[in-house]
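*Asks:* The following file, input_11.csv, comprises CSV, C-alpha atoms and all ligand atoms:
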chain,number,residue,atom,x,y,z
A,1226,MET,CA,0.0,0.0,0.0
A,1227,PRO,CA,1.1,3.6,-0.4
A,1228,GLU,CA,3.6,4.5,2.3
A,1229,LEU,CA,4.8,7.9,3.5
A,1230,PRO,CA,6.5,9.0,0.2
A,1231,GLU,CA,3.5,8.0,-2.0
A,1232,VAL,CA,0.9,9.7,0.2
A,1233,GLU,CA,3.1,12.7,0.4
A,1234,THR,CA,3.3,12.9,-3.4
A,1235,ILE,CA,-0.5,12.7,-3.7
A,1236,LYS,CA,-0.9,15.3,-1.0
A,1237,GLU,CA,1.4,17.7,-2.8
A,1238,ASP,CA,-0.5,17.1,-6.0
A,1239,LEU,CA,-3.8,18.0,-4.3
A,1240,ARG,CA,-2.2,21.1,-2.9
A,1241,GLY,CA,-1.2,22.3,-6.3
A,1242,LEU,CA,-4.2,21.1,-8.3
A,1243,VAL,CA,-7.4,21.1,-6.2
A,1244,VAL,CA,-7.0,23.2,-3.0
A,1245,GLY,CA,-9.2,26.3,-3.6
A,1246,SER,CA,-11.8,24.2,-5.5
A,1247,THR,CA,-15.4,23.6,-4.4
A,1248,ILE,CA,-16.9,20.2,-4.3
A,1249,GLU,CA,-20.3,20.8,-6.0
A,1250,ARG,CA,-21.4,17.2,-5.6
A,1251,ALA,CA,-20.1,13.9,-4.4
A,1252,GLU,CA,-21.1,10.5,-5.8
A,1253,VAL,CA,-20.3,7.3,-4.1
A,1254,LEU,CA,-20.2,4.3,-6.5
A,1255,ASP,CA,-19.0,1.7,-4.0
A,1256,SER,CA,-20.4,2.1,-0.6
A,1257,SER,CA,-17.8,-0.1,1.0
A,1258,LEU,CA,-15.5,2.9,0.6
A,1259,VAL,CA,-17.3,4.9,3.3
A,1260,GLU,CA,-16.4,3.9,6.9
A,1261,GLN,CA,-17.9,6.9,8.6
A,1262,PRO,CA,-20.5,8.4,8.7
A,1263,SER,CA,-23.3,6.8,6.7
A,1264,THR,CA,-22.9,7.0,2.9
A,1265,GLU,CA,-25.9,9.3,2.8
A,1266,GLU,CA,-24.5,11.7,5.3
A,1267,PHE,CA,-21.0,11.5,3.7
A,1268,VAL,CA,-22.5,12.7,0.4
A,1269,ARG,CA,-24.7,15.3,2.0
A,1270,ARG,CA,-21.8,16.9,4.0
A,1271,LEU,CA,-19.4,17.0,1.1
A,1272,GLY,CA,-21.9,18.8,-1.2
A,1273,GLY,CA,-20.9,22.5,-1.5
A,1274,ALA,CA,-17.8,22.1,0.7
A,1275,GLY,CA,-14.7,24.2,-0.3
A,1276,ILE,CA,-11.3,22.4,-0.3
A,1277,THR,CA,-9.1,24.6,1.9
A,1278,GLY,CA,-6.0,22.3,2.4
A,1279,ALA,CA,-4.4,18.9,2.0
A,1280,ARG,CA,-2.1,17.2,4.5
A,1281,ARG,CA,-0.7,13.9,5.4
A,1282,ARG,CA,-0.4,12.2,8.7
A,1283,ALA,CA,1.3,8.7,8.7
A,1284,LYS,CA,-0.3,7.0,5.7
A,1285,HIS,CA,-3.6,9.0,6.0
A,1286,LEU,CA,-4.3,11.5,3.2
A,1287,ILE,CA,-6.4,14.4,4.7
A,1288,VAL,CA,-8.4,16.8,2.6
A,1289,GLU,CA,-9.4,19.8,4.7
A,1290,LEU,CA,-12.8,21.5,4.0
A,1291,ASP,CA,-14.2,24.9,4.9
A,1292,THR,CA,-17.1,23.2,6.7
A,1293,GLY,CA,-14.7,22.1,9.4
A,1294,ASP,CA,-14.8,18.5,8.3
A,1295,SER,CA,-11.9,16.5,7.0
A,1296,LEU,CA,-12.1,13.9,4.2
A,1297,VAL,CA,-9.6,11.2,5.3
A,1298,PHE,CA,-8.5,8.6,2.8
A,1299,GLN,CA,-6.6,5.4,3.6
A,1300,LEU,CA,-5.4,4.5,0.2
A,1301,LYS,CA,-4.7,0.8,-0.4
A,1302,ILE,CA,-2.4,-0.7,-3.0
A,1303,GLY,CA,-4.7,-0.1,-6.0
A,1304,GLY,CA,-6.2,3.3,-4.8
A,1305,HIS,CA,-5.8,6.1,-7.3
A,1306,LEU,CA,-7.0,9.7,-7.0
A,1307,LEU,CA,-7.2,11.0,-10.6
A,1308,LEU,CA,-8.0,14.5,-11.7
A,1309,VAL,CA,-10.2,14.7,-14.9
A,1310,PRO,CA,-9.2,16.6,-17.0
A,1311,PRO,CA,-6.3,16.4,-17.7
A,1312,VAL,CA,-6.4,12.7,-17.0
A,1313,GLU,CA,-8.7,10.7,-19.2
A,1314,GLU,CA,-11.9,9.6,-17.4
A,1315,PRO,CA,-11.3,6.2,-15.8
A,1316,GLU,CA,-14.2,3.7,-16.4
A,1317,THR,CA,-13.6,0.7,-14.1
A,1318,ALA,CA,-13.2,0.1,-10.4
A,1319,LEU,CA,-14.7,3.5,-9.5
A,1320,MET,CA,-15.5,4.2,-5.8
A,1321,LEU,CA,-16.0,7.9,-5.6
A,1322,ILE,CA,-16.4,11.0,-7.9
A,1323,LEU,CA,-16.1,14.5,-6.5
A,1324,TYR,CA,-17.5,17.0,-9.0
A,1325,LEU,CA,-15.5,20.1,-8.7
A,1326,ASP,CA,-16.3,23.6,-9.9
A,1327,GLY,CA,-14.8,24.5,-13.3
A,1328,GLU,CA,-16.0,21.2,-14.9
A,1329,ARG,CA,-13.3,19.1,-13.2
A,1330,ARG,CA,-13.8,15.8,-11.4
A,1331,LEU,CA,-11.6,14.0,-8.9
A,1332,PHE,CA,-12.0,10.2,-9.3
A,1333,LEU,CA,-11.1,7.6,-6.7
A,1334,ARG,CA,-10.7,4.2,-8.3
A,1335,ASP,CA,-9.3,1.1,-6.7
A,1336,GLU,CA,-9.2,-2.2,-8.6
A,1337,THR,CA,-8.7,-4.1,-5.3
A,1338,GLY,CA,-11.6,-2.2,-3.7
A,1339,PHE,CA,-9.8,-1.9,-0.3
A,1340,THR,CA,-9.4,1.9,-0.1
A,1341,ARG,CA,-11.5,3.5,2.7
A,1342,ALA,CA,-12.6,7.0,3.4
A,1343,ARG,CA,-14.1,8.8,6.4
A,1344,LEU,CA,-15.6,12.3,6.8
A,1345,LEU,CA,-14.6,13.5,10.3
A,1346,ASP,CA,-15.2,16.6,12.3
A,1347,ALA,CA,-12.2,18.1,14.2
A,1348,GLY,CA,-12.8,16.1,17.3
A,1349,GLU,CA,-13.2,12.8,15.5
A,1350,LEU,CA,-10.0,13.5,13.4
A,1351,GLY,CA,-8.0,14.2,16.5
A,1352,GLU,CA,-9.2,11.0,18.1
A,1353,ARG,CA,-8.4,9.0,15.0
A,1354,LEU,CA,-4.8,10.4,14.7
A,1355,SER,CA,-4.0,10.4,18.4
A,1356,SER,CA,-2.3,7.0,18.7
A,1357,LEU,CA,0.1,7.5,15.8
A,1358,GLY,CA,3.9,7.5,16.3
A,1359,PRO,CA,6.1,10.5,15.3
A,1360,GLU,CA,6.6,11.6,11.7
A,1361,PRO,CA,10.1,10.4,10.7
A,1362,LEU,CA,10.9,13.4,8.4
A,1363,GLU,CA,9.9,16.1,10.9
A,1364,GLU,CA,12.5,17.9,13.1
A,1365,GLY,CA,11.0,16.5,16.3
A,1366,PHE,CA,12.0,13.0,15.3
A,1367,GLN,CA,15.4,12.6,17.0
A,1368,ALA,CA,17.9,9.8,17.0
A,1369,ASP,CA,17.3,8.9,20.6
A,1370,TYR,CA,13.5,8.3,20.1
A,1371,LEU,CA,13.6,4.7,18.8
A,1372,PRO,CA,16.0,3.3,21.4
A,1373,ARG,CA,14.0,4.9,24.2
A,1374,LYS,CA,10.6,3.7,22.7
A,1375,ILE,CA,11.5,0.2,21.7
A,1376,GLY,CA,15.1,-0.4,22.8
A,1377,SER,CA,14.1,-2.9,25.6
A,1378,ARG,CA,11.7,-4.8,23.4
A,1379,ARG,CA,12.5,-8.4,22.6
A,1380,ALA,CA,10.3,-8.2,19.4
A,1381,GLN,CA,11.8,-8.3,15.9
A,1382,ILE,CA,12.9,-5.0,14.5
A,1383,LYS,CA,11.0,-5.2,11.3
A,1384,PRO,CA,7.4,-5.5,12.7
A,1385,LEU,CA,8.3,-2.8,15.2
A,1386,LEU,CA,9.1,-0.4,12.4
A,1387,LEU,CA,5.9,-1.3,10.6
A,1388,ASP,CA,3.9,-0.5,13.8
A,1389,GLN,CA,2.3,2.9,13.1
A,1390,LYS,CA,2.0,3.5,16.9
A,1391,VAL,CA,5.8,3.2,17.1
A,1392,ILE,CA,6.7,5.3,14.0
A,1393,SER,CA,4.5,6.7,11.2
A,1394,GLY,CA,4.5,6.1,7.5
A,1395,ILE,CA,6.8,3.1,7.0
A,1396,GLY,CA,5.4,0.1,5.1
A,1397,ASN,CA,6.8,-3.1,3.6
A,1398,ILE,CA,8.8,-1.6,0.7
A,1399,TYR,CA,10.7,1.1,2.6
A,1400,VAL,CA,11.3,-1.0,5.7
A,1401,ASP,CA,13.3,-3.6,3.7
A,1402,GLU,CA,15.4,-0.9,2.1
A,1403,ILE,CA,15.9,0.8,5.5
A,1404,LEU,CA,17.1,-2.4,7.2
A,1405,TYR,CA,19.4,-3.1,4.3
A,1406,ASP,CA,21.0,0.3,4.6
A,1407,ALA,CA,21.3,0.0,8.4
A,1408,ARG,CA,22.8,-3.6,7.9
A,1409,LEU,CA,20.2,-5.0,10.2
A,1410,HIS,CA,18.6,-8.4,9.7
A,1411,PRO,CA,14.8,-8.1,9.8
A,1412,ARG,CA,14.6,-10.7,12.6
A,1413,ARG,CA,17.0,-8.9,14.9
A,1414,LYS,CA,15.5,-8.4,18.3
A,1415,ALA,CA,15.2,-4.7,19.2
A,1416,ASN,CA,16.9,-5.2,22.5
A,1417,THR,CA,20.1,-6.5,20.8
A,1418,LEU,CA,20.9,-3.4,18.8
A,1419,SER,CA,24.0,-1.5,19.7
A,1420,GLU,CA,24.1,2.3,19.9
A,1421,GLY,CA,25.9,2.4,16.5
A,1422,GLU,CA,23.1,0.3,15.0
A,1423,TRP,CA,20.4,2.6,16.4
A,1424,ASP,CA,22.2,5.5,14.8
A,1425,ALA,CA,22.5,3.7,11.5
A,1426,LEU,CA,18.8,2.8,11.6
A,1427,TYR,CA,17.9,6.5,12.3
A,1428,ASP,CA,20.0,7.7,9.3
A,1429,ALA,CA,18.6,5.0,7.1
A,1430,ILE,CA,14.9,5.8,7.9
A,1431,ARG,CA,15.5,9.5,7.2
A,1432,ALA,CA,17.5,8.9,4.0
A,1433,ASN,CA,15.2,6.3,2.4
A,1434,LEU,CA,12.0,8.2,3.1
A,1435,ALA,CA,13.4,11.5,1.9
A,1436,ALA,CA,14.6,9.8,-1.3
A,1437,GLY,CA,11.2,8.3,-1.8
A,1438,VAL,CA,9.6,11.7,-1.5
A,1439,GLU,CA,12.2,13.3,-3.8
A,1440,HIS,CA,11.5,10.6,-6.4
A,1441,ARG,CA,7.7,11.0,-6.1
A,1442,GLY,CA,7.1,7.6,-4.7
A,1443,THR,CA,7.7,3.9,-5.7
A,1444,THR,CA,5.7,2.2,-8.4
A,1445,VAL,CA,6.4,-1.4,-8.0
A,1446,ARG,CA,3.0,-2.3,-9.4
A,1447,LEU,CA,0.1,0.2,-9.2
A,1448,PHE,CA,1.0,3.5,-7.6
A,1449,ARG,CA,0.1,6.6,-9.7
A,1450,ASP,CA,0.0,10.2,-8.8
A,1451,VAL,CA,-3.0,12.5,-9.3
A,1452,LEU,CA,-2.0,13.0,-12.9
A,1453,ASP,CA,-1.7,9.2,-13.5
A,1454,ARG,CA,2.1,9.3,-13.6
A,1455,PRO,CA,4.2,6.5,-11.9
A,1456,GLY,CA,6.9,7.4,-9.3
A,1457,GLU,CA,10.6,6.9,-9.9
A,1458,HIS,CA,11.9,5.5,-6.6
A,1459,GLN,CA,11.5,1.9,-7.9
A,1460,ASN,CA,14.7,2.6,-9.9
A,1461,HIS,CA,16.6,3.1,-6.7
A,1462,LEU,CA,15.6,0.0,-4.7
A,1463,ARG,CA,18.5,-2.4,-3.7
A,1464,VAL,CA,16.7,-5.3,-2.1
A,1465,PHE,CA,12.9,-5.1,-2.3
A,1466,GLU,CA,11.8,-7.9,-4.7
A,1467,LYS,CA,15.4,-8.3,-5.8
A,1468,GLN,CA,15.6,-11.9,-4.6
A,1469,GLY,CA,18.1,-14.0,-6.5
A,1470,GLN,CA,20.0,-10.9,-7.7
A,1471,PRO,CA,23.4,-9.8,-6.6
A,1472,CYS,CA,23.6,-7.7,-3.4
A,1473,PRO,CA,24.9,-4.2,-4.5
A,1474,GLY,CA,27.2,-4.1,-1.4
A,1475,CYS,CA,28.9,-7.5,-1.4
A,1476,GLU,CA,29.4,-10.8,-3.4
A,1477,GLY,CA,26.2,-12.3,-1.9
A,1478,GLN,CA,22.7,-12.6,-3.1
A,1479,VAL,CA,19.5,-11.0,-2.0
A,1480,VAL,CA,17.0,-13.5,-0.5
A,1481,ARG,CA,13.3,-13.4,0.2
A,1482,GLU,CA,11.8,-14.9,3.4
A,1483,LYS,CA,8.7,-14.4,5.5
A,1484,VAL,CA,9.4,-12.4,8.6
A,1485,SER,CA,6.5,-11.9,11.0
A,1486,GLY,CA,4.2,-12.9,8.1
A,1487,ARG,CA,5.5,-10.3,5.6
A,1488,PRO,CA,7.6,-11.1,2.6
A,1489,SER,CA,11.1,-9.7,3.4
A,1490,HIS,CA,14.1,-9.0,1.2
A,1491,PHE,CA,17.6,-8.8,2.5
A,1492,CYS,CA,21.2,-9.8,2.1
A,1493,PRO,CA,22.2,-12.5,4.6
A,1494,GLU,CA,25.8,-11.5,4.3
A,1495,CYS,CA,25.4,-7.8,4.9
A,1496,GLN,CA,22.6,-8.3,7.4
A,1497,ALA,CA,23.7,-11.1,9.7
A,1498,GLU,CA,20.9,-12.5,11.8
A,1499,ASP,CA,23.1,-12.6,15.0
A,1500,GLY,CA,24.2,-9.0,14.4
A,1501,SER,CA,27.8,-10.1,13.8
A,1502,GLY,CA,28.1,-8.7,10.3
A,1503,GLU,CA,30.9,-6.5,9.1
A,1504,ASP,CA,29.8,-3.4,11.0
A,1505,GLY,CA,27.4,-5.0,13.5
A,1506,GLN,CA,28.1,-5.8,17.1
A,1507,LEU,CA,26.5,-8.6,19.1
A,1508,GLU,CA,25.3,-7.0,22.2
A,1509,LEU,CA,22.8,-8.7,24.5
A,1510,ARG,CA,21.2,-6.7,27.2
B,1,ZN,ZN,25.4,-8.0,0.8
Kindly return the structure encoded in the file as structure tokens.
*Replies:*
Amino acid sequence: MPELPEVETIKEDLRGLVVGSTIERAEVLDSSLVEQPSTEEFVRRLGGAGITGARRRAKHLIVELDTGDSLVFQLKIGGHLLLVPPVEEPETALMLILYLDGERRLFLRDETGFTRARLLDAGELGERLSSLGPEPLEEGFQADYLPRKIGSRRAQIKPLLLDQKVISGIGNIYVDEILYDARLHPRRKANTLSEGEWDALYDAIRANLAAGVEHRGTTVRLFRDVLDRPGEHQNHLRVFEKQGQPCPGCEGQVVREKVSGRPSHFCPECQAEDGSGEDGQLELR
């Protein structure tokens, strides 16, 4: 599903293309989209609302309205927001159409049908976002946060980084790239990381997510921006879905194994499971 860089890309597109527009009418074509409130109320409260802003929190895309409501999308892997024109009108897998002033329409389509939306007032929005961990690209995210938050946990590092209550915005593509950069095996227990490894992990989180934003997201399969363009970060991946290919950092080969139920890609040479790799230190607390 879209992770921080992909949702950030769509948010930036909305800021440039639709903030300032008015939603003249909303049409829900697949009622499984609307989680809250009822579909009828969702449509009624969107009608006539002005779009005043767009922002992102974790993987949530938030469209701010002059009614005080926020339209919150959780885009799943096939979820596309497309602006027509200039994009040609999509014909399949439609979930929502927002008819904007000036003869434009914002389509939400999702061939997997898993994208969800909510229309929330300020209180409901605050509640919804309250349990999320910090934003890794914001200044407030400091190198000492993760060791303080999860440094004594015996859990594996990969599922901890995917936990949105621990840290926001990281999903299965970027986490594999981050762990590769930090030379950490995805099954390493958080309580075995050395100080140097926590620092390497912090740097890898920031660098990989910033690069993903810079490259306007990763299109491994379906991701598209609001103008139906793919991202470019897939050209910069080192291990994600590179199983069987040579590791860019050593003579070894990238492998794919399930870790905590998720397909995981890593180099067993560079990312030793016991932390005894080239730069790693075995440290048991
Ligand atoms: Zn390697």
*Asks:* Which residues sit within 7 Å of ligand ZN 1 (chain B), counting only C-alpha atoms and all ligand atoms, listed as number ranges by chain?
*Replies:* A: 1472-1478, 1492-1495
*Asks:* Could you tell me which of A:Arg1250, A:His1305, A:Arg1270, A:Lys1483 comes closest to Lys1383 (chain A) if we count only C-alpha atoms?
*Replies:* A:Lys1483
*Asks:* Skip region 1346-1362 of chain A itself and residues of its chain fewer than 6 positions away, then list as a list of chain:residue names all residues within 7 Å of it, counting only C-alpha atoms.
*Replies:*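 Residues meeting the cut-off are A:Ala1283, A:Gly1293, A:Asp1294, A:Ser1295, A:Gln1389, A:Lys1390, A:Val1391, A:Ile1392, A:Ser1393, A:Arg1431.
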*Asks:* Out of A:Gly1456, A:Pro1262, A:Gly1437, A:Gly1278, which residue has the shortest atom-to-atom distance to Gly1241 (chain A) when counting all atoms listed in the file?
*Replies:*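 Closest to Gly1241 (chain A) of all the choices is A:Gly1278.
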*Asks:* Would you mind telling me which residue in A:Leu1325, A:Val1312, A:Leu1239, A:Met1226 lies nearest to Ala1274 (chain A) when using all atoms listed in the file?
*Replies:*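 Smallest distance to Ala1274 (chain A) is found for A:Leu1325.
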*Asks:* Can you work out which one of A:Leu1331, A:Arg1373, A:Leu1387, A:Leu1271 has the shortest atom-to-atom distance to Glu1228 (chain A), counting all atoms listed in the file?
*Replies:*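 Selected residue with least distance to Glu1228 (chain A): A:Leu1387.
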*Asks:* I'd like to know which of A:Gly1304, A:Gly1272, A:Gly1365, A:Gly1396 is closest to Leu1333 (chain A), using only C-alpha atoms.
*Replies:*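 Of the candidates, the smallest distance to Leu1333 (chain A) is held by A:Gly1304.
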*Asks:* Quick one: residues within 12 Å of Ser1263 (chain A), all atoms listed in the file, excluding same-chain residues fewer than 4 positions away - as an MDAnalysis selection string?
*Replies:* chainID A and resid 1253 1256:1259 1267:1270 1342:1345
